[in-house]
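Below: one structure, written as structure tokens.
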Amino acid sequence: MTRPATDFHSLANAIMAAGGRADPSELHGFVCGILSAGARPDKKRWQSELAEQLDLEAVPADLSRAFVELARESQAQLEDSNFDFQLLLTDDPDLAARTLTLGHWCQGFLHGFGIGQFRGKLQETSDEALRDLGAVAQVDETELDDSEETENQLLQVEEYVRVAVMNIFTEVAAAQAASRPGGNGSAGGPTVH
């Protein structure tokens, strides 16, 4: 499986330089949530969503470009039939830091999914996955013991989140394709307004 081409640390530095208030994991989760809800914002809308997510009045051009590229990469990975989609998480060896970024990723995803405003009804497995992501978003990294067992549990949760997101994305895309005239599944999706 490939990692996202967008580098966690480069994006973190760009966010910090702009004075933003989110980490790259939360931002990636946010993008994936919007995409998974079936929304395909245009560049102007991405700019507006980014500014709101980072709590910035204006977004520097380099950060805006990085965000649009992250969105494109994320959409391509989610649409890829090879299941190469990966969460953008820190590679920090510290278990607590990695757990925290996974929680932030899930928070971002849920926020983005809400903004994407999927109007259909999800299958029970996807509804349950969204509830699970909500639980992961509430994780308290300070209560972890630094053990091999905890490390393995974190890897299992990361994989669960990755697969759950791909399933939600696929389910929403299929539902939207079926609801279009002719139900032919043409590409696209609603634009967030």
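By convention in this document, the chains of the structure tokens carry letters A, B, ... by their order, each chain's residues are numbered from 1, and ligands are numbered from 1 in the order they are shown.
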
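By chain and then residue number, the residues within 8 Å of His111 (chain A) are Phe30, Gly33, Gln107, Gly108, Gly114 and Ile115 of chain A, counting only C-alpha atoms and disregarding those fewer than 3 positions away in sequence.
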
Give me, as a VMD selection string, all polymer residues having an atom no more than 12 Å from Ala58 (chain A), counting only C-alpha atoms and skipping those fewer than 6 positions away in the same chain.
chain A and resid 18 to 20 47 to 52 64

Keeping only N, CA and C atoms, write those residues as an mmCIF file, in the first residue's frame.
```cif
data_model
loop_
_atom_site.group_PDB
_atom_site.id
_atom_site.type_symbol
_atom_site.label_atom_id
_atom_site.label_comp_id
_atom_site.auth_asym_id
_atom_site.auth_seq_id
_atom_site.Cartn_x
_atom_site.Cartn_y
_atom_site.Cartn_z
ATOM 1 N N ALA A 18 1.085 29.437 8.673
ATOM 2 C CA ALA A 18 -0.106 30.250 8.397
ATOM 3 C C ALA A 18 -0.860 30.617 9.669
ATOM 4 N N GLY A 19 -0.511 29.975 10.794
ATOM 5 C CA GLY A 19 -1.215 30.232 12.047
ATOM 6 C C GLY A 19 -2.480 29.413 12.175
ATOM 7 N N GLY A 20 -2.571 28.321 11.422
ATOM 8 C CA GLY A 20 -3.769 27.478 11.437
ATOM 9 C C GLY A 20 -3.894 26.671 12.707
ATOM 10 N N GLN A 47 -11.186 26.454 -0.786
ATOM 11 C CA GLN A 47 -10.516 27.573 -0.113
ATOM 12 C C GLN A 47 -11.322 28.020 1.099
ATOM 13 N N SER A 48 -12.624 28.153 0.920
ATOM 14 C CA SER A 48 -13.494 28.582 2.007
ATOM 15 C C SER A 48 -13.518 27.546 3.137
ATOM 16 N N GLU A 49 -13.646 26.268 2.778
ATOM 17 C CA GLU A 49 -13.669 25.208 3.785
ATOM 18 C C GLU A 49 -12.347 25.139 4.546
ATOM 19 N N LEU A 50 -11.242 25.304 3.823
ATOM 20 C CA LEU A 50 -9.921 25.269 4.458
ATOM 21 C C LEU A 50 -9.771 26.402 5.471
ATOM 22 N N ALA A 51 -10.160 27.597 5.071
ATOM 23 C CA ALA A 51 -10.054 28.745 5.980
ATOM 24 C C ALA A 51 -10.873 28.511 7.244
ATOM 25 N N GLU A 52 -12.069 27.979 7.070
ATOM 26 C CA GLU A 52 -12.929 27.722 8.228
ATOM 27 C C GLU A 52 -12.339 26.628 9.124
ATOM 28 N N SER A 64 -3.021 26.690 0.317
ATOM 29 C CA SER A 64 -4.204 26.409 -0.484
ATOM 30 C C SER A 64 -3.883 25.378 -1.566
#
```

From the options A:His104, A:Leu88, A:Arg45, A:Ala76, which residue's atoms come nearest to Glu26 (chain A), counting only C-alpha atoms?
A:His104

Within 9 Å of Ala12 (chain A) using only C-alpha atoms, minus same-chain residues under 6 positions, as a PyMOL selection string
chain A and resi 22-24

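Taking only C-alpha atoms into account, Gly120 (chain A) lies nearest to A:Glu171 out of the set A:Asp42, A:Glu79, A:Glu159, A:Glu171.
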
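The gap separating CA of Glu73 (chain A) from CA of Pro181 (chain A) is 28.5 Å, in Å to one decimal.
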
Do you know which residues are at most 10 Å from region 146-155 of chain A counting only C-alpha atoms, after dropping those on the same chain fewer than 3 positions away, and could you put them as a list in words?
Asp94, Leu95, Ala96, Arg98, Thr99, Leu102, Glu143, Glu158, Glu159, Tyr160 and Val161 of chain A

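For the pair CA of Asp91 (chain A) and CA of Asp7 (chain A), the interatomic distance is 10.3 Å.
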
Pick from A:Ile34, A:Ala175, A:Leu70, A:Thr142 nearest to Gln86 (chain A), counting only C-alpha atoms
A:Leu70

So which bits of region 33-78 of chain A end up alpha helix (DSSP H) when you DSSP the backbone, as a ChimeraX atom specification?
/A:33-36,43-54,61-78

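Distance-wise, CA of Arg119 (chain A) and CA of Arg40 (chain A) end up 14.5 Å apart.
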
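Take the candidates A:Trp46, A:Phe83, A:Phe67, A:Phe8 and check each one against Val163 (chain A) using only C-alpha atoms; the shortest distance goes to A:Phe83.
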